[in-house]
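Dumped structure.cif below, it's mmCIF, C-alpha atoms:
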data_upload
loop_
_atom_site.label_atom_id
_atom_site.label_comp_id
_atom_site.auth_asym_id
_atom_site.auth_seq_id
_atom_site.Cartn_x
_atom_site.Cartn_y
_atom_site.Cartn_z
CA MET A 1 -24.80 8.67 22.68
CA PRO A 2 -21.61 8.51 20.63
CA HIS A 3 -19.64 5.33 20.67
CA LEU A 4 -16.52 6.02 22.68
CA ILE A 5 -13.41 3.98 22.06
CA THR A 6 -10.85 4.02 24.82
CA PRO A 7 -7.60 5.17 23.27
CA HIS A 8 -4.43 3.20 23.79
CA LEU A 9 -1.28 4.77 25.22
CA ILE A 10 1.76 4.60 22.95
CA THR A 11 5.22 5.16 24.43
CA ILE A 12 8.29 5.89 22.29
CA GLU A 13 11.01 4.51 24.50
CA ASN A 14 13.94 6.37 22.89
CA SER A 15 12.44 9.80 23.43
CA GLY A 16 10.14 9.05 26.37
CA GLU A 17 7.26 10.65 24.45
CA ARG A 18 3.76 9.34 25.10
CA PHE A 19 0.66 9.90 23.05
CA GLN A 20 -2.76 8.40 22.58
CA SER A 21 -3.84 6.24 19.69
CA VAL A 22 -6.57 7.53 17.41
CA ASP A 23 -9.11 5.04 16.16
CA GLY A 24 -8.24 3.94 12.64
CA MET A 25 -4.92 5.81 12.63
CA SER A 26 -1.50 4.25 12.46
CA VAL A 27 1.02 4.74 15.26
CA LEU A 28 2.88 7.23 13.06
CA ALA A 29 -0.20 9.24 12.09
CA ALA A 30 -1.29 9.44 15.75
CA MET A 31 2.23 10.54 16.68
CA GLU A 32 2.17 13.31 14.06
CA GLN A 33 -1.26 14.43 15.25
CA ALA A 34 0.04 14.56 18.83
CA ARG A 35 2.97 16.68 17.61
CA CYS A 36 5.50 14.18 18.89
CA ARG A 37 8.75 13.61 16.98
CA GLY A 38 10.37 10.47 18.35
CA ILE A 39 9.81 8.36 15.22
CA PRO A 40 11.20 9.69 11.93
CA VAL A 41 8.54 10.40 9.32
CA GLY A 42 9.23 9.33 5.75
CA CYS A 43 6.75 8.32 3.07
CA ARG A 44 3.98 7.41 5.60
CA ASN A 45 2.93 4.61 3.22
CA GLY A 46 4.96 1.52 4.05
CA GLY A 47 7.66 1.90 1.40
CA CYS A 48 10.73 3.72 2.66
CA GLY A 49 11.43 2.29 6.12
CA ALA A 50 12.15 5.61 7.85
CA CYS A 51 9.62 4.94 10.61
CA LYS A 52 10.79 1.43 11.43
CA VAL A 53 10.23 0.57 15.09
CA ARG A 54 10.60 -2.44 17.35
CA VAL A 55 7.45 -3.07 19.32
CA THR A 56 8.57 -3.87 22.86
CA SER A 57 5.15 -4.45 24.37
CA GLY A 58 1.51 -4.66 23.38
CA GLN A 59 -0.70 -5.98 20.60
CA TYR A 60 -1.04 -4.54 17.14
CA ARG A 61 -1.94 -5.37 13.57
CA THR A 62 -0.09 -4.24 10.47
CA GLY A 63 -0.85 -3.33 6.87
CA LYS A 64 1.34 -4.28 3.90
CA MET A 65 4.96 -3.11 4.23
CA SER A 66 7.73 -3.19 1.61
CA ARG A 67 9.86 -6.32 2.01
CA ALA A 68 12.84 -4.18 1.00
CA VAL A 69 12.69 -2.57 4.44
CA VAL A 70 10.86 -5.10 6.65
CA SER A 71 11.94 -8.72 6.17
CA VAL A 72 9.93 -11.72 7.34
CA ALA A 73 12.49 -12.14 10.15
CA ASP A 74 12.12 -8.46 11.13
CA GLU A 75 8.39 -8.82 11.32
CA ALA A 76 8.66 -11.97 13.47
CA GLN A 77 10.77 -9.98 15.93
CA GLY A 78 8.25 -7.16 16.12
CA CYS A 79 10.23 -4.83 13.84
CA VAL A 80 7.58 -3.05 11.79
CA LEU A 81 6.79 0.30 10.20
CA ALA A 82 4.94 2.71 12.49
CA CYS A 83 3.02 4.04 9.47
CA LYS A 84 1.48 0.60 8.92
CA THR A 85 1.05 -0.41 12.58
CA TYR A 86 -2.34 -0.14 14.25
CA PRO A 87 -2.41 -0.53 18.06
CA GLN A 88 -4.81 -2.98 19.69
CA SER A 89 -3.57 -2.32 23.23
CA ASP A 90 -1.15 0.06 24.89
CA LEU A 91 2.15 -0.14 22.98
CA GLY A 92 5.80 0.41 23.72
CA VAL A 93 7.95 1.10 20.65
CA GLU A 94 11.60 1.76 20.05
CA ALA A 95 12.42 3.83 16.96
CA LEU A 96 15.01 2.18 14.71
CA GLY A 97 14.82 4.56 11.76
CA ARG A 98 18.00 5.73 10.17
CA ILE A 99 17.10 9.41 10.14
CA LEU A 100 16.54 9.73 13.86
CA GLN A 101 19.13 12.41 14.46
CA THR A 102 18.74 15.61 16.37
CA GLY A 103 21.08 18.27 17.61
CA PRO A 104 23.32 20.87 16.01
CA SER A 105 25.17 18.55 13.67
CA ARG A 106 21.94 17.84 11.82
CA ALA A 107 20.97 21.50 11.68
CA THR A 108 24.22 22.78 10.25
CA SER A 109 25.36 20.04 7.93
CA PHE A 110 24.49 16.65 6.61
CA SER A 111 26.36 13.63 5.54
CA PHE A 112 26.31 13.10 1.83
CA ALA A 113 27.09 9.45 2.20
CA ILE A 114 30.03 9.39 -0.15
CA PRO A 115 30.84 5.70 -0.34
CA ARG A 116 33.20 4.67 2.43
CA PRO A 117 33.77 1.29 4.01
CA GLU A 118 32.24 2.51 7.27
CA SER A 119 29.12 3.90 5.58
CA PRO A 120 26.58 4.75 8.27
CA ARG A 121 23.64 3.83 6.06
CA SER A 122 24.41 0.21 5.48
CA GLU A 123 21.69 -0.98 7.83
CA ARG A 124 19.07 -0.06 5.28
CA GLU A 125 20.33 -2.69 2.91
CA ALA A 126 20.62 -5.36 5.56
CA MET B 1 15.25 16.09 -37.68
CA SER B 2 17.69 17.49 -35.19
CA LEU B 3 16.66 15.49 -32.12
CA THR B 4 18.03 12.04 -32.82
CA GLY B 5 19.18 8.94 -30.98
CA VAL B 6 17.47 8.66 -27.62
CA LEU B 7 14.33 10.79 -27.83
CA ARG B 8 12.83 10.77 -24.34
CA PRO B 9 11.99 8.81 -21.22
CA GLY B 10 9.26 6.57 -22.61
CA HIS B 11 8.16 4.64 -19.55
CA VAL B 12 8.84 3.96 -15.91
CA ALA B 13 7.84 0.68 -14.27
CA ILE B 14 7.01 1.14 -10.61
CA ARG B 15 6.43 -1.60 -8.02
CA VAL B 16 3.45 -1.07 -5.76
CA LEU B 17 2.43 -3.03 -2.67
CA GLU B 18 -1.28 -3.18 -3.54
CA LEU B 19 -2.56 -2.54 -7.03
CA GLU B 20 -6.00 -1.10 -6.34
CA PRO B 21 -5.01 1.78 -4.01
CA ALA B 22 -2.09 2.51 -6.34
CA LEU B 23 -4.37 2.63 -9.34
CA LYS B 24 -6.75 4.96 -7.52
CA HIS B 25 -3.82 7.28 -6.76
CA TYR B 26 -2.34 7.25 -10.26
CA THR B 27 -5.68 7.66 -12.04
CA GLU B 28 -7.85 9.78 -9.74
CA VAL B 29 -5.28 11.90 -7.87
CA LEU B 30 -2.39 12.15 -10.32
CA GLY B 31 -4.81 11.81 -13.22
CA LEU B 32 -3.23 9.35 -15.63
CA THR B 33 -5.39 7.17 -17.88
CA GLU B 34 -5.37 3.39 -17.79
CA THR B 35 -4.63 1.96 -21.25
CA ALA B 36 -4.12 -1.76 -20.61
CA ARG B 37 -4.09 -4.37 -17.88
CA ASP B 38 -2.05 -7.57 -17.60
CA GLN B 39 -3.94 -9.72 -15.08
CA LYS B 40 -1.40 -12.53 -15.16
CA ASN B 41 1.53 -10.38 -14.09
CA LYS B 42 -0.55 -7.95 -12.02
CA ARG B 43 0.46 -5.00 -14.17
CA VAL B 44 -1.46 -1.92 -15.24
CA PHE B 45 -0.34 0.42 -18.02
CA LEU B 46 -1.15 4.13 -17.97
CA LYS B 47 -0.43 7.30 -19.90
CA ALA B 48 -0.63 11.04 -19.32
CA TRP B 49 -3.07 12.99 -21.44
CA ASP B 50 -0.68 14.64 -23.91
CA GLU B 51 1.38 11.54 -24.60
CA HIS B 52 0.59 9.91 -27.92
CA ASP B 53 2.23 6.56 -27.21
CA HIS B 54 0.40 3.66 -25.59
CA HIS B 55 1.76 4.00 -22.05
CA SER B 56 4.38 5.78 -19.98
CA VAL B 57 3.79 4.30 -16.52
CA VAL B 58 3.63 0.63 -15.59
CA LEU B 59 2.43 -0.35 -12.13
CA ARG B 60 3.27 -3.87 -10.96
CA GLU B 61 2.04 -5.36 -7.70
CA ALA B 62 5.00 -6.72 -5.73
CA ASP B 63 6.23 -7.27 -2.18
CA GLU B 64 8.69 -4.38 -2.43
CA ALA B 65 8.16 -0.78 -3.48
CA GLY B 66 10.60 0.86 -5.90
CA MET B 67 11.39 0.97 -9.60
CA ASP B 68 11.67 -2.08 -11.86
CA TYR B 69 13.12 -0.21 -14.83
CA MET B 70 12.93 2.92 -16.95
CA GLY B 71 12.48 2.80 -20.73
CA TRP B 72 13.82 5.21 -23.36
CA LYS B 73 12.30 5.70 -26.79
CA VAL B 74 14.84 5.94 -29.60
CA ASP B 75 14.27 7.37 -33.06
CA SER B 76 14.30 4.15 -35.12
CA PRO B 77 14.81 0.38 -35.05
CA ALA B 78 18.25 0.99 -36.61
CA THR B 79 19.20 3.29 -33.72
CA LEU B 80 17.94 0.66 -31.29
CA LYS B 81 20.28 -1.94 -32.82
CA LYS B 82 23.19 0.48 -32.91
CA LEU B 83 22.81 1.69 -29.32
CA ALA B 84 22.33 -1.88 -28.06
CA ALA B 85 25.59 -2.82 -29.76
CA ASP B 86 27.28 0.27 -28.32
CA VAL B 87 26.09 -0.59 -24.79
CA GLU B 88 27.40 -4.13 -25.20
CA LYS B 89 30.73 -2.90 -26.59
CA SER B 90 31.21 -0.43 -23.74
CA LYS B 91 31.27 -3.27 -21.18
CA LEU B 92 29.91 -0.78 -18.65
CA CYS B 93 26.54 -2.47 -18.14
CA GLN B 94 25.29 -5.81 -16.89
CA ASP B 95 22.35 -8.16 -17.44
CA LEU B 96 21.99 -7.32 -21.14
CA ALA B 97 18.81 -8.80 -22.57
CA TRP B 98 16.32 -8.43 -25.41
CA ILE B 99 12.70 -8.39 -24.28
CA PRO B 100 10.43 -9.62 -27.09
CA ALA B 101 7.91 -7.37 -28.80
CA GLY B 102 4.51 -7.47 -27.12
CA GLU B 103 5.80 -8.11 -23.60
CA HIS B 104 4.56 -4.59 -22.96
CA PRO B 105 1.27 -4.20 -24.83
CA GLY B 106 1.64 -2.31 -28.09
CA THR B 107 5.42 -2.13 -27.74
CA GLY B 108 8.21 -3.40 -29.97
CA GLU B 109 11.26 -5.26 -28.75
CA ARG B 110 13.19 -3.68 -25.91
CA PHE B 111 16.89 -3.88 -25.10
CA ARG B 112 17.43 -4.01 -21.35
CA PHE B 113 20.64 -3.42 -19.41
CA THR B 114 21.66 -2.48 -15.89
CA VAL B 115 23.75 0.66 -15.47
CA PRO B 116 26.55 0.84 -12.85
CA THR B 117 24.29 2.45 -10.21
CA GLY B 118 22.18 -0.73 -10.35
CA HIS B 119 19.21 0.62 -12.30
CA ALA B 120 17.65 -1.37 -15.13
CA MET B 121 17.21 0.72 -18.29
CA GLU B 122 15.56 -0.15 -21.58
CA LEU B 123 15.72 1.16 -25.12
CA TYR B 124 12.91 0.62 -27.58
CA ALA B 125 11.90 2.13 -30.92
CA GLU B 126 8.25 1.28 -31.36
CA LYS B 127 5.10 1.76 -29.34
CA ASP B 128 1.53 1.97 -30.60
CA ARG B 129 0.06 5.44 -30.86
CA LEU B 130 -3.17 6.06 -29.01
CA GLY B 131 -3.11 9.83 -29.51
CA ASN B 132 -3.94 12.61 -27.08
CA ASN B 133 -7.67 12.80 -27.74
CA CYS B 134 -7.50 16.46 -28.78
CA GLY B 135 -8.30 16.18 -32.49
CA THR B 136 -11.67 17.62 -33.52
CA ASP B 137 -11.83 16.25 -37.08
CA GLY B 138 -10.08 12.95 -36.48
CA PRO B 139 -6.93 12.16 -34.55
CA ASP B 140 -4.42 15.04 -34.60
CA ILE B 141 -6.59 17.14 -36.94
CA ASN B 142 -7.55 20.66 -35.85
CA PRO B 143 -6.75 19.82 -32.24
CA LEU B 144 -8.10 21.34 -29.06
CA PRO B 145 -5.48 22.71 -26.64
CA TRP B 146 -6.47 20.09 -24.08
CA PRO B 147 -9.07 17.36 -23.95
CA ASP B 148 -12.27 17.17 -21.94
CA ASN B 149 -12.73 15.00 -18.88
CA LEU B 150 -9.27 15.32 -17.34
CA LYS B 151 -9.14 13.99 -13.78
CA GLY B 152 -7.04 15.01 -10.81
CA ILE B 153 -3.71 16.79 -11.29
CA ALA B 154 -3.57 15.71 -14.96
CA PRO B 155 0.07 16.29 -15.92
CA SER B 156 0.83 16.38 -19.64
CA ARG B 157 3.57 13.75 -19.60
CA PHE B 158 5.93 11.51 -17.65
CA ASP B 159 9.04 13.67 -17.65
CA HIS B 160 12.04 12.25 -15.75
CA CYS B 161 13.24 10.22 -12.77
CA LEU B 162 15.73 10.94 -10.00
CA LEU B 163 17.57 7.79 -8.95
CA TYR B 164 20.04 6.97 -6.16
CA GLY B 165 23.05 4.73 -6.58
CA ASP B 166 26.72 4.27 -5.83
CA ASP B 167 28.70 4.26 -9.07
CA LEU B 168 27.61 7.66 -10.33
CA ASP B 169 30.71 8.03 -12.51
CA GLY B 170 30.03 4.75 -14.31
CA THR B 171 26.37 5.55 -14.91
CA CYS B 172 27.24 9.05 -16.18
CA LYS B 173 29.69 7.47 -18.61
CA VAL B 174 26.95 5.21 -19.99
CA PHE B 175 24.49 8.07 -20.46
CA ARG B 176 27.01 10.60 -21.80
CA ASP B 177 29.50 8.56 -23.79
CA VAL B 178 27.32 5.68 -25.00
CA LEU B 179 23.78 7.08 -25.19
CA GLY B 180 24.71 10.67 -26.13
CA PHE B 181 23.17 12.56 -23.22
CA GLY B 182 24.44 15.99 -22.18
CA LEU B 183 25.23 17.06 -18.62
CA SER B 184 23.02 20.05 -17.83
CA GLU B 185 23.91 20.41 -14.14
CA GLN B 186 26.22 18.75 -11.67
CA VAL B 187 26.83 18.81 -7.92
CA LEU B 188 30.47 18.52 -6.88
CA LEU B 189 32.16 18.17 -3.52
CA LYS B 190 33.77 21.52 -2.65
CA ALA B 191 36.61 19.82 -0.82
CA ASP B 192 37.20 17.45 -3.72
CA PRO B 193 35.81 18.90 -6.97
CA GLY B 194 36.76 15.71 -8.80
CA THR B 195 33.97 13.95 -6.96
CA MET B 196 30.53 14.35 -8.47
CA ILE B 197 27.63 13.68 -6.14
CA GLY B 198 24.75 14.68 -8.41
CA ALA B 199 24.30 14.53 -12.18
CA PHE B 200 21.42 15.96 -14.21
CA LEU B 201 21.40 14.58 -17.74
CA SER B 202 19.43 15.54 -20.85
CA CYS B 203 18.83 13.73 -24.14
CA SER B 204 16.64 16.54 -25.40
CA ASN B 205 15.90 20.25 -24.91
CA LYS B 206 14.72 19.62 -21.34
CA ALA B 207 16.79 20.68 -18.34
CA HIS B 208 16.92 16.99 -17.41
CA ASP B 209 15.54 13.70 -18.60
CA ILE B 210 17.13 11.76 -15.77
CA ALA B 211 19.13 12.59 -12.66
CA PHE B 212 21.30 10.57 -10.31
CA ILE B 213 22.56 11.25 -6.81
CA ARG B 214 25.46 9.31 -5.38
CA GLN B 215 24.41 7.22 -2.39
CA PRO B 216 25.90 3.96 -1.15
CA VAL B 217 22.98 1.90 -2.46
CA LYS B 218 22.14 0.08 -5.69
CA GLY B 219 19.13 0.67 -7.88
CA LYS B 220 17.13 2.96 -5.62
CA PHE B 221 14.28 5.19 -6.72
CA HIS B 222 13.87 8.76 -5.48
CA HIS B 223 11.01 9.98 -7.66
CA ALA B 224 9.21 9.88 -10.97
CA SER B 225 8.20 13.30 -12.22
CA PHE B 226 5.34 14.53 -14.37
CA GLU B 227 5.08 17.84 -16.19
CA LEU B 228 2.56 20.63 -15.59
CA GLY B 229 2.17 23.73 -17.71
CA SER B 230 2.43 26.40 -15.05
CA TRP B 231 3.31 27.29 -11.48
CA GLU B 232 -0.39 27.80 -10.78
CA LYS B 233 -1.01 24.19 -11.74
CA VAL B 234 1.63 23.10 -9.21
CA LEU B 235 -0.31 25.04 -6.56
CA ARG B 236 -3.54 23.41 -7.76
CA ALA B 237 -1.80 20.03 -7.49
CA GLY B 238 -1.12 20.82 -3.83
CA ASP B 239 -4.84 21.53 -3.36
CA ILE B 240 -5.78 18.22 -4.97
CA LEU B 241 -3.24 16.28 -2.90
CA SER B 242 -4.53 17.81 0.33
CA ARG B 243 -8.14 17.14 -0.67
CA HIS B 244 -7.26 13.45 -1.11
CA GLN B 245 -5.11 13.46 2.05
CA THR B 246 -2.16 12.29 0.01
CA SER B 247 1.15 12.16 1.89
CA ILE B 248 3.00 15.32 0.79
CA ASP B 249 6.77 15.39 1.17
CA ILE B 250 7.51 19.05 0.41
CA GLY B 251 6.21 21.95 -1.59
CA PRO B 252 4.97 23.71 -3.57
CA THR B 253 8.44 25.26 -3.80
CA ARG B 254 11.24 25.80 -6.32
CA HIS B 255 14.33 23.78 -7.14
CA GLY B 256 17.57 25.72 -7.64
CA ILE B 257 18.80 22.95 -9.91
CA THR B 258 16.80 23.14 -13.19
CA ARG B 259 14.76 26.08 -11.72
CA GLY B 260 11.66 23.93 -11.75
CA GLU B 261 8.65 24.66 -9.56
CA THR B 262 7.73 21.53 -7.71
CA ILE B 263 5.71 19.51 -5.24
CA TYR B 264 6.84 16.08 -3.98
CA PHE B 265 4.37 13.52 -2.67
CA PHE B 266 4.11 9.78 -2.12
CA ASP B 267 2.01 7.11 -3.79
CA PRO B 268 0.22 4.62 -1.48
CA SER B 269 3.30 2.36 -1.50
CA GLY B 270 5.72 5.13 -0.55
CA ASN B 271 7.15 5.74 -4.01
CA ARG B 272 7.79 9.45 -4.41
CA ASN B 273 6.08 11.33 -7.24
CA GLU B 274 6.74 14.88 -8.37
CA VAL B 275 4.72 17.25 -10.49
CA PHE B 276 6.63 20.29 -11.67
CA SER B 277 6.58 23.16 -14.11
CA GLY B 278 9.16 25.46 -15.61
CA GLY B 279 12.85 24.90 -16.01
CA TYR B 280 14.80 26.09 -19.01
CA ILE B 281 15.67 25.02 -22.53
CA TYR B 282 18.82 22.92 -22.69
CA TYR B 283 21.06 22.85 -25.75
CA PRO B 284 24.01 20.51 -26.16
CA ASP B 285 26.43 23.44 -26.35
CA LYS B 286 25.25 24.91 -23.05
CA PRO B 287 27.93 24.70 -20.36
CA PRO B 288 27.01 22.46 -17.41
CA LEU B 289 25.85 24.43 -14.39
CA THR B 290 27.80 23.52 -11.26
CA TRP B 291 26.69 23.46 -7.65
CA TYR B 292 28.91 22.62 -4.72
CA ASP B 293 27.74 20.48 -1.84
CA ASP B 294 27.85 23.42 0.58
CA SER B 295 25.08 25.00 -1.52
CA LEU B 296 23.04 21.85 -1.83
CA GLY B 297 20.25 23.34 0.30
CA PRO B 298 19.28 26.07 -2.19
CA ALA B 299 20.24 23.78 -5.09
CA ILE B 300 17.50 21.36 -4.09
CA PHE B 301 14.95 23.60 -2.35
CA TYR B 302 15.63 27.20 -3.31
CA HIS B 303 13.27 28.89 -0.83
CA ASP B 304 14.00 26.88 2.33
CA ARG B 305 17.71 26.86 1.41
CA LYS B 306 18.05 23.55 3.21
CA ILE B 307 17.32 19.97 2.42
CA ASN B 308 14.39 18.51 4.27
CA GLU B 309 15.01 15.46 6.41
CA SER B 310 13.57 13.07 3.88
CA PHE B 311 15.33 14.19 0.68
CA LEU B 312 18.46 12.10 1.11
CA SER B 313 17.13 9.32 3.29
CA VAL B 314 13.64 8.52 2.02
CA PHE B 315 13.56 6.47 -1.17
CA THR B 316 12.29 3.08 -2.32
#
Could you write out this file's structure as structure tokens?
Amino acid sequence: MPHLITPHLITIENSGERFQSVDGMSVLAAMEQARCRGIPVGCRNGGCGACKVRVTSGQYRTGKMSRAVVSVADEAQGCVLACKTYPQSDLGVEALGRILQTGPSRATSFSFAIPRPESPRSEREA
Amino acid sequence: MSLTGVLRPGHVAIRVLELEPALKHYTEVLGLTETARDQKNKRVFLKAWDEHDHHSVVLREADEAGMDYMGWKVDSPATLKKLAADVEKSKLCQDLAWIPAGEHPGTGERFRFTVPTGHAMELYAEKDRLGNNCGTDGPDINPLPWPDNLKGIAPSRFDHCLLYGDDLDGTCKVFRDVLGFGLSEQVLLKADPGTMIGAFLSCSNKAHDIAFIRQPVKGKFHHASFELGSWEKVLRAGDILSRHQTSIDIGPTRHGITRGETIYFFDPSGNRNEVFSGGYIYYPDKPPLTWYDDSLGPAIFYHDRKINESFLSVFT
């Protein structure tokens, strides 16, 4: 009889998407497998910060994440990278990533981020 | 000798979050060879098979991913002194420092400086030769075309980096006016052609030895690239990356800029790597090729004709 692990339910609060955890897979990998799109996918390896989320409910453990994108204070507030977050219960997450943009403006053009005082990307350096 | 001054990108120092998975990626998947280890500073030195010098990649375990610095080999100790003086005189760079010989194993003294985009660069003239292991009657005598026992993708050399930073004009001035690089290709804003948003620079016959894209950040790393001999090897690289379940960013595809055939992927710390083939021969009298931002899609990814979501926003 195979050992069955009850999957956890993960909810992306921004998009309302729900998907099940997969044993041994990060939140982001399980999301990609479930063909959901609510969390932006970047390097998938804890370095770039694209998949940064705030965990709003539930238990989890994390792997090593680049301090350039997740500070100690971030981590204490439950702000982590979905690619390095492994659920240990049902989870609610809110995507914080800077490339979460959908709609026609994204499809037809992009911002080249020419330096301006009101640069929209400054949160990455925070 | 007609290629003088700065000869080539000689090394790139990359920060990794955990050394062992990184080493497995760079040796077994990418297929570089470990040449030295520095236990004290948690550094490992590696080279690609066709490089003669001691190392071209340095991995250092750290809390942040990204690039520590990039090193450039120059043709002689005299050139090293001259270019160091020129960099100092230009007043364009910061944090000027001499790193003593031996700080990198088998390497002479290095002159380090930070260019206006926030990237640390080094010049050095001397590095021990380990050879490419192809000689049949002694090193470099009657060589084989390639050595036995290559692992993984096995690129021939570390080739170039693409870096992101804010003061693109200042950094271009350092590379062109002080270090003698040529501009092979540029990306300009159509609405304001005086504003350059991408610069592809060559110190050699290669289509680029380094590239910068203007972004409102300092010292960021987009990718380190390694050379393959053919398009078929880029396809084979894709096979190897999938077999190892490596995180692939995009490709195999073609760049419009430089015409290179490419695949982008990520190391286990999220640093982007590229292996590529092709491109063209650059000569200093070749006019710069110009792209405008409204054609940036095909300039970057010629087949998709659009930039993927991660190109501009995913870096370390």
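What the PyMOL selection byres ((chain A) within 6 of (chain B)) matches in the given file is Gly42, Cys43, Asn45, Gly46, Gly47, Cys48, Ser66, Arg67, Ala68, Ala113 and Pro115 of chain A.
For the pair atom CA of Lys190 of chain B and atom CA of Thr290 of chain B, the interatomic distance is 10.7 Å.
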message: Please expand the PyMOL selection byres ((chain B and resi 56) around 6) into the concrete residues it hits in this file, giving the result as a PyMOL selection string.
response: chain B and resi 10-11+47+55+57
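Between atom CA of Val174 of chain B and atom CA of Arg254 of chain B the interatomic distance comes to 29.3 Å.
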- request: For Lys91 of chain B, list every protein, DNA or RNA residue within 12 Å, evaluated using only C-alpha atoms, and leave out those in the same chain fewer than 5 positions away; present the list as a PyMOL selection string.
  value: chain B and resi 84-86+96+113-116+170-171+173-174+178
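When the PyMOL selection byres ((chain A and resi 82) around 6) is evaluated against the file, it yields Val27, Leu28, Cys51, Leu81, Cys83, Lys84 and Thr85 of chain A.
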